[in-house]
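Printed here is data19.csv (CSV, C-alpha atoms):
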chain,number,residue,atom,x,y,z
A,1,MET,CA,0.0,0.0,0.0
A,2,ARG,CA,2.8,2.3,0.9
A,3,SER,CA,4.6,1.5,-2.3
A,4,LYS,CA,1.4,2.3,-4.4
A,5,LEU,CA,1.0,5.6,-2.6
A,6,PHE,CA,4.6,6.4,-3.4
A,7,TYR,CA,4.1,5.8,-7.1
A,8,VAL,CA,0.9,7.8,-7.1
A,9,PHE,CA,2.7,10.7,-5.4
A,10,PHE,CA,5.7,10.3,-7.7
A,11,ALA,CA,3.4,10.4,-10.8
A,12,PHE,CA,1.6,13.5,-9.4
A,13,ILE,CA,4.9,15.4,-8.8
A,14,LEU,CA,6.2,14.4,-12.3
A,15,THR,CA,3.0,15.6,-14.0
A,16,LEU,CA,3.1,18.9,-12.0
A,17,SER,CA,6.8,19.4,-12.9
A,18,LEU,CA,6.0,18.8,-16.6
A,19,LEU,CA,3.2,21.3,-16.5
A,20,ILE,CA,5.3,24.0,-14.9
A,21,ALA,CA,8.1,23.4,-17.3
A,22,SER,CA,5.8,23.6,-20.3
A,23,THR,CA,4.1,26.8,-19.2
A,24,PRO,CA,5.1,29.6,-21.6
A,25,ASN,CA,6.0,33.0,-20.4
A,26,ALA,CA,3.9,36.0,-21.4
A,27,ALA,CA,5.8,36.6,-24.6
A,28,GLU,CA,5.2,33.0,-25.7
A,29,ASN,CA,1.6,32.7,-24.6
A,30,PRO,CA,-0.9,31.9,-27.4
A,31,SER,CA,-2.8,35.0,-28.5
A,32,PRO,CA,-6.2,35.4,-26.8
A,33,THR,CA,-9.1,33.6,-28.2
A,34,ASN,CA,-12.4,35.1,-29.3
A,35,LEU,CA,-10.8,37.4,-31.9
A,36,PRO,CA,-12.7,38.4,-35.0
A,37,LYS,CA,-12.2,36.1,-38.0
A,38,ILE,CA,-11.5,39.2,-40.0
A,39,ILE,CA,-9.6,42.0,-38.3
A,40,GLY,CA,-9.9,45.3,-40.2
A,41,TRP,CA,-7.5,48.2,-40.0
A,42,THR,CA,-7.0,51.4,-41.9
A,43,SER,CA,-4.0,53.4,-43.1
A,44,TYR,CA,-3.0,56.0,-45.6
A,45,GLY,CA,-3.3,55.2,-49.3
A,46,THR,CA,-1.4,52.7,-51.3
A,47,GLY,CA,1.3,55.2,-52.2
A,48,SER,CA,2.3,55.7,-48.6
A,49,GLY,CA,4.8,54.0,-46.3
A,50,SER,CA,2.0,53.7,-43.8
A,51,TYR,CA,0.1,51.3,-46.1
A,52,ILE,CA,3.2,49.2,-46.8
A,53,MET,CA,4.1,49.0,-43.1
A,54,SER,CA,0.5,48.2,-42.1
A,55,ALA,CA,0.4,45.4,-44.7
A,56,ILE,CA,3.5,43.9,-43.3
A,57,PHE,CA,2.1,44.1,-39.8
A,58,ALA,CA,-1.1,42.5,-41.1
A,59,GLU,CA,0.9,39.5,-42.3
A,60,ALA,CA,2.6,39.2,-38.9
A,61,MET,CA,-0.8,39.4,-37.1
A,62,GLU,CA,-2.3,36.7,-39.3
A,63,ASP,CA,0.6,34.4,-38.5
A,64,VAL,CA,0.3,34.9,-34.7
A,65,THR,CA,-3.5,34.9,-34.4
A,66,GLY,CA,-4.8,32.9,-37.4
A,67,SER,CA,-7.3,35.7,-38.1
A,68,LYS,CA,-7.5,37.3,-41.5
A,69,VAL,CA,-6.5,41.0,-41.6
A,70,LYS,CA,-8.0,43.4,-44.1
A,71,VAL,CA,-6.1,46.7,-44.7
A,72,THR,CA,-8.2,49.5,-46.1
A,73,PRO,CA,-6.5,52.6,-47.5
A,74,ALA,CA,-8.0,56.0,-46.6
A,75,GLY,CA,-7.1,59.5,-47.7
A,76,GLY,CA,-7.4,61.3,-44.3
A,77,ASP,CA,-7.7,60.8,-40.6
A,78,VAL,CA,-11.5,61.0,-40.6
A,79,GLY,CA,-11.5,58.3,-43.3
A,80,LYS,CA,-9.3,56.1,-41.1
A,81,LEU,CA,-11.3,56.5,-37.9
A,82,LEU,CA,-14.8,56.4,-39.3
A,83,PRO,CA,-14.8,52.6,-40.1
A,84,ILE,CA,-13.7,51.9,-36.5
A,85,LYS,CA,-16.4,54.3,-35.1
A,86,LYS,CA,-19.0,52.4,-37.2
A,87,GLY,CA,-17.8,49.0,-36.1
A,88,GLU,CA,-16.4,48.1,-39.6
A,89,ALA,CA,-12.7,48.0,-38.6
A,90,HIS,CA,-10.7,47.7,-35.4
A,91,VAL,CA,-7.3,49.5,-35.8
A,92,ALA,CA,-6.2,52.7,-37.5
A,93,PHE,CA,-2.6,53.6,-38.3
A,94,LEU,CA,-2.3,57.2,-37.3
A,95,THR,CA,0.6,59.7,-37.0
A,96,GLY,CA,1.3,61.8,-33.9
A,97,SER,CA,-0.3,64.6,-35.8
A,98,GLY,CA,-3.6,63.0,-36.9
A,99,SER,CA,-4.1,61.3,-33.5
A,100,TYR,CA,-3.4,64.5,-31.6
A,101,TRP,CA,-6.0,66.5,-33.6
A,102,ALA,CA,-8.6,63.8,-33.3
A,103,SER,CA,-8.0,63.4,-29.5
A,104,ILE,CA,-8.6,67.1,-28.9
A,105,GLY,CA,-11.5,67.4,-31.3
A,106,ALA,CA,-9.8,69.8,-33.7
A,107,GLY,CA,-10.3,70.5,-37.4
A,108,PRO,CA,-13.0,68.1,-38.9
A,109,PHE,CA,-13.2,66.5,-35.4
A,110,SER,CA,-14.8,69.7,-34.1
A,111,ALA,CA,-18.0,68.7,-35.9
A,112,ALA,CA,-21.0,67.9,-33.7
A,113,ASN,CA,-20.9,64.2,-34.6
A,114,TRP,CA,-17.2,63.9,-33.6
A,115,GLY,CA,-15.7,65.9,-30.9
A,116,PRO,CA,-12.7,64.7,-28.8
A,117,GLN,CA,-12.0,61.1,-29.6
A,118,ARG,CA,-11.1,58.5,-26.9
A,119,LEU,CA,-8.1,57.2,-28.8
A,120,ARG,CA,-5.7,54.6,-27.4
A,121,ILE,CA,-2.2,53.7,-28.4
A,122,ILE,CA,-1.4,50.1,-29.2
A,123,TRP,CA,2.3,50.5,-30.0
A,124,LYS,CA,4.8,53.3,-30.5
A,125,GLY,CA,7.7,52.9,-32.9
A,126,LEU,CA,9.1,55.1,-35.6
A,127,ASP,CA,9.5,58.9,-35.4
A,128,SER,CA,8.8,60.8,-38.6
A,129,GLU,CA,11.6,63.0,-40.1
A,130,ASN,CA,9.6,65.4,-42.2
A,131,SER,CA,9.7,68.7,-44.0
A,132,PHE,CA,8.4,70.4,-47.1
A,133,THR,CA,9.1,68.2,-50.1
A,134,VAL,CA,9.8,69.4,-53.7
A,135,LYS,CA,11.1,67.8,-56.9
A,136,GLY,CA,14.9,67.7,-57.1
A,137,THR,CA,14.7,70.0,-60.2
A,138,SER,CA,12.4,72.6,-58.5
A,139,ARG,CA,13.6,76.2,-58.2
A,140,ILE,CA,12.4,76.1,-54.6
A,141,LYS,CA,15.6,75.9,-52.6
A,142,THR,CA,14.7,77.5,-49.2
A,143,GLY,CA,11.7,79.0,-47.4
A,144,ALA,CA,12.3,82.3,-49.2
A,145,ASP,CA,11.2,80.6,-52.5
A,146,ILE,CA,7.9,79.2,-51.3
A,147,LYS,CA,5.5,82.1,-51.4
A,148,GLY,CA,2.9,82.0,-54.1
A,149,LYS,CA,3.6,78.4,-55.0
A,150,LYS,CA,1.0,75.6,-55.4
A,151,ILE,CA,0.6,73.6,-52.1
A,152,ALA,CA,-1.5,70.4,-51.4
A,153,PHE,CA,-4.7,70.7,-49.4
A,154,ILE,CA,-6.5,67.4,-48.5
A,155,PRO,CA,-10.2,67.9,-47.5
A,156,GLY,CA,-10.9,66.1,-44.3
A,157,ASN,CA,-7.2,65.4,-43.5
A,158,VAL,CA,-6.4,67.7,-40.6
A,159,SER,CA,-3.0,66.0,-40.1
A,160,VAL,CA,-1.5,66.8,-43.5
A,161,ASN,CA,-3.2,70.2,-43.7
A,162,LYS,CA,-2.1,71.3,-40.2
A,163,ILE,CA,1.5,70.1,-40.8
A,164,ASN,CA,1.6,72.2,-44.0
A,165,GLU,CA,0.2,75.1,-42.1
A,166,ALA,CA,2.9,74.6,-39.4
A,167,TYR,CA,5.7,74.5,-42.0
A,168,LEU,CA,4.3,77.6,-43.6
A,169,ALA,CA,4.3,79.3,-40.2
A,170,PHE,CA,8.0,78.3,-39.8
A,171,HIS,CA,8.7,80.3,-42.9
A,172,ASN,CA,6.4,83.1,-41.7
A,173,LEU,CA,3.7,82.3,-44.3
A,174,THR,CA,0.1,81.2,-44.3
A,175,PHE,CA,-2.2,79.4,-46.8
A,176,ASP,CA,-3.3,82.9,-47.9
A,177,ASP,CA,0.2,83.3,-49.3
A,178,MET,CA,-0.1,80.1,-51.4
A,179,ILE,CA,-2.2,78.6,-54.1
A,180,LYS,CA,-4.1,75.7,-52.4
A,181,VAL,CA,-4.7,72.7,-54.7
A,182,ALA,CA,-7.1,69.9,-53.5
A,183,VAL,CA,-5.8,66.4,-53.7
A,184,SER,CA,-7.3,63.1,-52.5
A,185,GLY,CA,-4.8,62.0,-50.0
A,186,PHE,CA,-1.2,62.0,-48.8
A,187,GLY,CA,0.1,59.6,-51.4
A,188,ALA,CA,-1.7,61.6,-54.1
A,189,SER,CA,0.0,64.8,-52.8
A,190,LEU,CA,3.5,63.3,-53.5
A,191,LYS,CA,2.4,62.1,-56.9
A,192,ALA,CA,1.1,65.6,-57.6
A,193,ILE,CA,4.6,67.0,-56.7
A,194,GLN,CA,6.2,64.5,-59.0
A,195,ASN,CA,4.0,65.2,-62.0
A,196,GLY,CA,4.0,69.0,-61.5
A,197,THR,CA,0.4,69.5,-60.5
A,198,ILE,CA,1.6,71.1,-57.3
A,199,ASP,CA,4.9,72.5,-56.2
A,200,ILE,CA,5.2,71.6,-52.5
A,201,SER,CA,3.7,69.7,-49.6
A,202,MET,CA,4.9,67.8,-46.5
A,203,GLY,CA,6.8,64.6,-46.9
A,204,GLY,CA,9.1,62.3,-44.9
A,205,THR,CA,12.1,60.1,-45.3
A,206,VAL,CA,10.1,56.8,-45.2
A,207,ALA,CA,7.1,57.8,-47.4
A,208,ALA,CA,6.8,55.4,-50.3
A,209,GLY,CA,6.0,58.3,-52.6
A,210,VAL,CA,9.2,60.1,-51.6
A,211,TRP,CA,11.2,57.0,-52.5
A,212,THR,CA,9.5,56.9,-55.8
A,213,MET,CA,10.4,60.5,-56.5
A,214,HIS,CA,14.0,59.9,-55.5
A,215,LYS,CA,14.2,57.1,-58.1
A,216,SER,CA,12.6,59.3,-60.8
A,217,PRO,CA,14.5,61.5,-63.2
A,218,GLY,CA,13.4,64.7,-61.3
A,219,GLY,CA,14.5,63.4,-58.0
A,220,VAL,CA,13.5,64.8,-54.6
A,221,ARG,CA,14.6,67.5,-52.1
A,222,PHE,CA,13.5,68.7,-48.7
A,223,ILE,CA,13.4,72.3,-47.5
A,224,PRO,CA,15.5,72.9,-44.4
A,225,MET,CA,14.0,74.1,-41.1
A,226,PRO,CA,17.1,74.9,-39.0
A,227,ALA,CA,16.9,74.1,-35.3
A,228,ASP,CA,18.6,77.4,-34.4
A,229,ASP,CA,15.7,79.4,-36.0
A,230,LYS,CA,14.0,79.9,-32.6
A,231,ALA,CA,11.4,82.3,-33.9
A,232,GLY,CA,10.5,79.9,-36.7
A,233,TRP,CA,10.2,77.0,-34.4
A,234,LYS,CA,8.0,79.0,-32.0
A,235,ARG,CA,5.6,79.8,-34.8
A,236,LEU,CA,5.6,76.1,-36.0
A,237,GLN,CA,4.9,74.7,-32.5
A,238,GLY,CA,2.1,77.2,-32.1
A,239,VAL,CA,0.4,75.2,-34.8
A,240,CYS,CA,1.7,71.7,-34.1
A,241,PRO,CA,2.9,71.5,-30.5
A,242,PHE,CA,3.8,67.8,-30.8
A,243,MET,CA,6.7,68.6,-33.2
A,244,TYR,CA,10.4,69.1,-32.4
A,245,PRO,CA,13.6,69.8,-34.4
A,246,ARG,CA,15.3,66.7,-35.9
A,247,LYS,CA,18.1,66.1,-38.3
A,248,MET,CA,17.1,63.7,-41.0
A,249,ALA,CA,19.0,60.4,-40.6
A,250,GLY,CA,16.8,57.5,-41.3
A,251,GLY,CA,15.0,56.0,-44.3
A,252,LEU,CA,15.9,57.8,-47.5
A,253,ALA,CA,18.3,60.1,-45.6
A,254,ALA,CA,20.3,57.0,-44.6
A,255,VAL,CA,20.5,55.7,-48.2
A,256,ASP,CA,21.2,59.1,-49.7
A,257,PRO,CA,22.7,61.5,-47.1
A,258,LYS,CA,22.6,64.4,-49.7
A,259,VAL,CA,18.8,64.8,-49.1
A,260,ALA,CA,19.2,65.0,-45.3
A,261,VAL,CA,18.3,68.4,-43.8
A,262,GLU,CA,17.4,69.8,-40.5
A,263,ALA,CA,13.7,69.1,-40.3
A,264,ALA,CA,10.8,68.2,-38.0
A,265,GLY,CA,10.3,65.1,-35.9
A,266,TYR,CA,7.1,63.7,-34.5
A,267,PRO,CA,5.6,60.2,-33.8
A,268,ALA,CA,5.1,58.5,-37.1
A,269,MET,CA,2.7,55.6,-37.9
A,270,MET,CA,1.2,54.1,-34.8
A,271,PRO,CA,-1.5,51.4,-34.5
A,272,MET,CA,-4.2,53.0,-32.5
A,273,THR,CA,-7.9,52.3,-31.7
A,274,TYR,CA,-10.7,53.4,-29.5
A,275,ALA,CA,-11.0,52.8,-25.8
A,276,ASP,CA,-13.9,50.4,-26.2
A,277,ILE,CA,-12.2,48.0,-28.6
A,278,ASN,CA,-11.8,44.5,-27.2
A,279,ASP,CA,-8.7,44.1,-25.0
A,280,ASN,CA,-8.0,40.7,-26.5
A,281,LEU,CA,-7.4,42.2,-29.9
A,282,THR,CA,-5.1,44.9,-28.7
A,283,TYR,CA,-3.2,42.4,-26.5
A,284,ALA,CA,-2.7,40.2,-29.5
A,285,LEU,CA,-1.4,43.0,-31.7
A,286,THR,CA,0.9,44.3,-29.0
A,287,LYS,CA,2.3,40.8,-28.6
A,288,THR,CA,2.6,40.4,-32.4
A,289,LEU,CA,4.6,43.7,-32.8
A,290,HIS,CA,6.9,42.6,-29.9
A,291,THR,CA,7.5,38.9,-30.7
A,292,LYS,CA,7.6,39.2,-34.5
A,293,TYR,CA,10.1,42.1,-34.5
A,294,ASP,CA,13.0,40.0,-35.9
A,295,TRP,CA,10.7,38.8,-38.8
A,296,TYR,CA,9.5,42.3,-39.9
A,297,LYS,CA,12.3,44.7,-38.9
A,298,ASP,CA,14.2,44.6,-42.2
A,299,ARG,CA,11.3,44.4,-44.6
A,300,TYR,CA,10.8,48.1,-45.0
A,301,ALA,CA,12.6,51.3,-44.1
A,302,GLY,CA,11.7,52.4,-40.5
A,303,LEU,CA,10.3,49.1,-39.3
A,304,ASP,CA,13.5,48.5,-37.3
A,305,LYS,CA,12.4,51.3,-35.0
A,306,TYR,CA,9.4,49.4,-33.7
A,307,THR,CA,11.4,47.9,-30.8
A,308,LEU,CA,10.1,47.3,-27.3
A,309,GLU,CA,12.5,49.9,-26.0
A,310,ASN,CA,11.3,52.6,-28.4
A,311,CYS,CA,7.7,51.8,-27.5
A,312,VAL,CA,8.0,52.0,-23.7
A,313,LYS,CA,10.2,55.1,-23.9
A,314,GLY,CA,8.3,56.8,-26.7
A,315,VAL,CA,4.8,56.6,-25.3
A,316,LEU,CA,5.9,58.7,-22.3
A,317,ARG,CA,6.2,61.7,-24.7
A,318,LEU,CA,2.7,61.3,-26.0
A,319,ALA,CA,-0.6,62.9,-25.0
A,320,ILE,CA,-2.8,59.8,-25.6
A,321,PRO,CA,-3.2,56.8,-23.2
A,322,MET,CA,-2.4,53.2,-24.1
A,323,HIS,CA,-5.1,50.7,-24.6
A,324,PRO,CA,-5.8,48.4,-21.6
A,325,GLY,CA,-5.0,45.3,-23.7
A,326,SER,CA,-1.6,46.7,-24.6
A,327,VAL,CA,-1.0,47.7,-20.9
A,328,LYS,CA,-1.8,44.1,-19.9
A,329,TYR,CA,0.8,42.6,-22.2
A,330,LEU,CA,3.5,45.1,-21.2
A,331,LYS,CA,2.8,44.4,-17.6
A,332,GLU,CA,3.1,40.6,-18.2
A,333,ILE,CA,6.5,41.0,-19.7
A,334,GLY,CA,7.7,43.4,-17.0
A,335,ALA,CA,7.9,46.5,-19.3
A,336,TRP,CA,5.2,48.6,-17.7
A,337,THR,CA,6.7,50.7,-14.9
A,338,PRO,CA,5.3,53.0,-12.1
A,339,GLU,CA,6.3,55.9,-14.4
A,340,HIS,CA,4.0,54.5,-17.1
A,341,GLU,CA,1.2,54.1,-14.6
A,342,LYS,CA,1.5,57.7,-13.5
A,343,TRP,CA,1.6,58.9,-17.1
A,344,GLN,CA,-1.4,56.8,-18.0
A,345,SER,CA,-3.5,58.1,-15.1
A,346,GLU,CA,-2.6,61.7,-16.0
A,347,ARG,CA,-3.6,61.1,-19.7
A,348,LEU,CA,-6.9,59.6,-18.6
A,349,ARG,CA,-7.6,62.5,-16.2
A,350,ILE,CA,-6.9,65.1,-19.0
A,351,GLU,CA,-9.2,63.2,-21.4
A,352,GLU,CA,-12.1,63.3,-18.9
A,353,GLU,CA,-11.6,67.0,-18.3
A,354,ARG,CA,-11.6,67.6,-22.1
A,355,MET,CA,-14.8,65.6,-22.5
A,356,LYS,CA,-16.5,67.7,-19.8
A,357,HIS,CA,-15.4,70.9,-21.6
A,358,TRP,CA,-16.8,69.5,-24.9
A,359,GLN,CA,-20.2,69.0,-23.4
A,360,ALA,CA,-20.0,72.5,-21.9
A,361,ALA,CA,-19.0,74.0,-25.2
A,362,LEU,CA,-21.9,72.3,-27.0
A,363,ALA,CA,-24.3,73.6,-24.3
A,364,GLU,CA,-22.9,77.1,-24.6
A,365,ALA,CA,-23.1,77.1,-28.4
A,366,LYS,CA,-26.8,76.0,-28.2
A,367,ALA,CA,-27.6,78.7,-25.7
A,368,LYS,CA,-26.0,81.4,-27.9
A,369,GLY,CA,-27.4,80.1,-31.1
A,370,ILE,CA,-24.0,79.3,-32.6
A,371,PRO,CA,-24.1,76.6,-35.3
A,372,ILE,CA,-21.8,73.7,-34.5
A,373,ASP,CA,-20.0,73.7,-37.8
A,374,ILE,CA,-16.3,73.3,-38.5
A,375,ASN,CA,-16.6,76.2,-40.9
A,376,GLU,CA,-18.2,78.5,-38.3
A,377,LYS,CA,-15.5,80.7,-36.8
A,378,LYS,CA,-17.7,81.5,-33.7
A,379,TRP,CA,-18.0,77.8,-33.0
A,380,THR,CA,-14.3,77.0,-33.5
A,381,ASP,CA,-13.2,79.9,-31.4
A,382,LEU,CA,-15.7,78.9,-28.7
A,383,TRP,CA,-14.3,75.3,-28.6
A,384,ALA,CA,-10.7,76.6,-28.7
A,385,SER,CA,-11.5,78.8,-25.6
A,386,HIS,CA,-12.7,75.7,-23.7
A,387,LEU,CA,-9.8,73.6,-24.9
A,388,ALA,CA,-7.4,76.3,-23.4
A,389,LEU,CA,-8.9,75.6,-20.0
A,390,VAL,CA,-8.0,71.9,-20.0
A,391,LYS,CA,-4.8,71.5,-17.9
Just give me the structure of the file as structure tokens.
Amino acid sequence: MRSKLFYVFFAFILTLSLLIASTPNAAENPSPTNLPKIIGWTSYGTGSGSYIMSAIFAEAMEDVTGSKVKVTPAGGDVGKLLPIKKGEAHVAFLTGSGSYWASIGAGPFSAANWGPQRLRIIWKGLDSENSFTVKGTSRIKTGADIKGKKIAFIPGNVSVNKINEAYLAFHNLTFDDMIKVAVSGFGASLKAIQNGTIDISMGGTVAAGVWTMHKSPGGVRFIPMPADDKAGWKRLQGVCPFMYPRKMAGGLAAVDPKVAVEAAGYPAMMPMTYADINDNLTYALTKTLHTKYDWYKDRYAGLDKYTLENCVKGVLRLAIPMHPGSVKYLKEIGAWTPEHEKWQSERLRIEEERMKHWQAALAEAKAKGIPIDINEKKWTDLWASHLALVK
């Protein structure tokens, strides 16, 4: 009897040991179940680096989760967020610019049916190196040559339009000093520069359209924004406070250093979503971008910047909280610190205060008979006065 009990106990201990030994750590855990069979995400158009990167990430996500990922191109930030708002997609690849304007309810997001958006970061990687872009054969050499030229304007794309406005401000100009030409999207704006439809617009060192221009007979150049031009940078940051001086060094600038100039930096393409998107999905995507890094890092310029280190350091510079599913994964692998927790709590507090001011602004506009219209200056000024109170 004692011998039988010994063998039963031995078998139990052996089984328990095998179970413990075979338990994967957080980075090796299977992705959460109950994911949609088709996961949808949106990005800039097919002529952009955003689309190429998001397609590569989609392939990685499919490999990790088994779900099919459908990438839908969109010309602007409203176009990228609307499918998620309507429940037709799950993730949008946004820049630090587009996400900032959406989160504070600026530009087209100041419309009554939008307002400040409860956006959440899933992962932070690449920083954009960006400036005004022209053909290599253009007579535009410096900011002094810009006035009166044709510049891209993308209806509904507050991100590109505001960046163009900020770059004009750096050179002490406004859209009133330019000829605005409507184009359908960011990729289309670069094609328009290449074919001569417009003269100038924003562009960066990893944009697919910029690489295409570089390989074309006309080539490509960037207009400098020197870091020591303090007055210029003050004007620029008055329009786009999330930007900072940065010398071009990555992407095209790494391949052809002759194009590198002192330019602007800001968070580039980030997978983002809404606060109410299922945690399992954002957990799975966060895990994918972490564990599949070695697979995707060399497949396109800039993807090597999507490291865990860049993510956990980079988010602390941003004004938008992380999604709970992403936080869960980062906690499991020991990458979420008390500093992150403090940052997250502060971002959530500010967001709630902003939402209260949005409701107050709507009520005030109604009481004063001010139409809530993005083209109504009384309304946009009223909302700006409320935003200024959010601390």
Quick one: residues within 12 Å of Leu35 of chain A, all atoms listed in the file counted, chain neighbours fewer than 4 positions away excluded, as a ChimeraX atom specification?
/A:31,39-40,61-62,64-69,90,277-285
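Look at segment 328-343 of chain A: the protein and nucleic acid residues within 10 Å of it, using only C-alpha atoms and passing over chain neighbours fewer than 5 places away, are Asn25, Ala26, Ala27, Asp279, Asn280, Thr282, Tyr283, Ala284, Leu285, Thr286, Lys287, His290, Leu308, Glu309, Cys311, Val312, Lys313, Val315, Leu316, Arg317, Leu318, Ala319, Ile320, Pro321, Met322, His323, Leu348 and Arg349 of chain A.
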Set the distance at 10 Å and use only C-alpha atoms: which residues neighbour Ala231 of chain A once local chain neighbours fewer than 2 positions away are removed? I'd like the list as a ChimeraX atom specification.
/A:169-172,227-229,233-236
I'd like the neighbourhood of Ala188 of chain A as a ChimeraX atom specification, where a residue qualifies if any of its atoms comes within 12 Å (using all atoms listed in the file), though same-chain residues fewer than 6 positions away should be ignored.
/A:44-48,74-76,152-154,160,181-182,194-198,201-203,207-210
Please, could you write that set of residues out with C-alpha atoms as an mmCIF file, keeping the file's coordinate frame?
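As written to disk, result34.cif reads:
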data_model
loop_
_atom_site.group_PDB
_atom_site.id
_atom_site.type_symbol
_atom_site.label_atom_id
_atom_site.label_comp_id
_atom_site.auth_asym_id
_atom_site.auth_seq_id
_atom_site.Cartn_x
_atom_site.Cartn_y
_atom_site.Cartn_z
ATOM 1 C CA TYR A 44 -3.000 56.000 -45.600
ATOM 2 C CA GLY A 45 -3.300 55.200 -49.300
ATOM 3 C CA THR A 46 -1.400 52.700 -51.300
ATOM 4 C CA GLY A 47 1.300 55.200 -52.200
ATOM 5 C CA SER A 48 2.300 55.700 -48.600
ATOM 6 C CA ALA A 74 -8.000 56.000 -46.600
ATOM 7 C CA GLY A 75 -7.100 59.500 -47.700
ATOM 8 C CA GLY A 76 -7.400 61.300 -44.300
ATOM 9 C CA ALA A 152 -1.500 70.400 -51.400
ATOM 10 C CA PHE A 153 -4.700 70.700 -49.400
ATOM 11 C CA ILE A 154 -6.500 67.400 -48.500
ATOM 12 C CA VAL A 160 -1.500 66.800 -43.500
ATOM 13 C CA VAL A 181 -4.700 72.700 -54.700
ATOM 14 C CA ALA A 182 -7.100 69.900 -53.500
ATOM 15 C CA GLN A 194 6.200 64.500 -59.000
ATOM 16 C CA ASN A 195 4.000 65.200 -62.000
ATOM 17 C CA GLY A 196 4.000 69.000 -61.500
ATOM 18 C CA THR A 197 0.400 69.500 -60.500
ATOM 19 C CA ILE A 198 1.600 71.100 -57.300
ATOM 20 C CA SER A 201 3.700 69.700 -49.600
ATOM 21 C CA MET A 202 4.900 67.800 -46.500
ATOM 22 C CA GLY A 203 6.800 64.600 -46.900
ATOM 23 C CA ALA A 207 7.100 57.800 -47.400
ATOM 24 C CA ALA A 208 6.800 55.400 -50.300
ATOM 25 C CA GLY A 209 6.000 58.300 -52.600
ATOM 26 C CA VAL A 210 9.200 60.100 -51.600
#
Just give me the residues with any atom within 9 Å of (-17.0, 65.1, -28.9), file coordinates, counting only C-alpha atoms, written as a ChimeraX atom specification.
/A:104-105,109-117,355,358-359,362
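The space separating atom CA of Lys368 of chain A from atom CA of Pro155 of chain A comes to 28.6 Å.
Atom CA of Arg139 of chain A is found 15.5 Å from atom CA of Val259 of chain A.
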Between atom CA of His386 of chain A and atom CA of Gly98 of chain A, distance in Å (one decimal)
20.5 Å
Between A:Ala89, A:Met248, A:Ile146, A:Ala60, which is the closest to Tyr167 of chain A once you count all atoms listed in the file?
A:Ile146
Distance cut-off 12 Å, centre (10.9, 45.1, -37.9) in file coordinates, counting only C-alpha atoms: which residues qualify? Return them as a PyMOL selection string.
chain A and resi 53-54+56-57+60+125-126+288-308
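Of the residues under consideration (A:Arg246, A:Lys85, A:Lys180, A:Lys80), A:Lys180 shows the shortest atom-to-atom contact distance to Lys147 of chain A when counting only C-alpha atoms.
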Counting only C-alpha atoms, which residue out of A:Ala365, A:Leu382, A:Leu94, A:Leu252 sits closest to Tyr266 of chain A?
A:Leu94
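Taking only C-alpha atoms into account, Trp123 of chain A lies nearest to A:Met269 out of the set A:Met269, A:Ala388, A:Leu173, A:Met213.
Closest approach to Thr212 of chain A among A:Gly49, A:Ala360, A:Arg354, A:Ser326 is made by A:Gly49 (distances from only C-alpha atoms).
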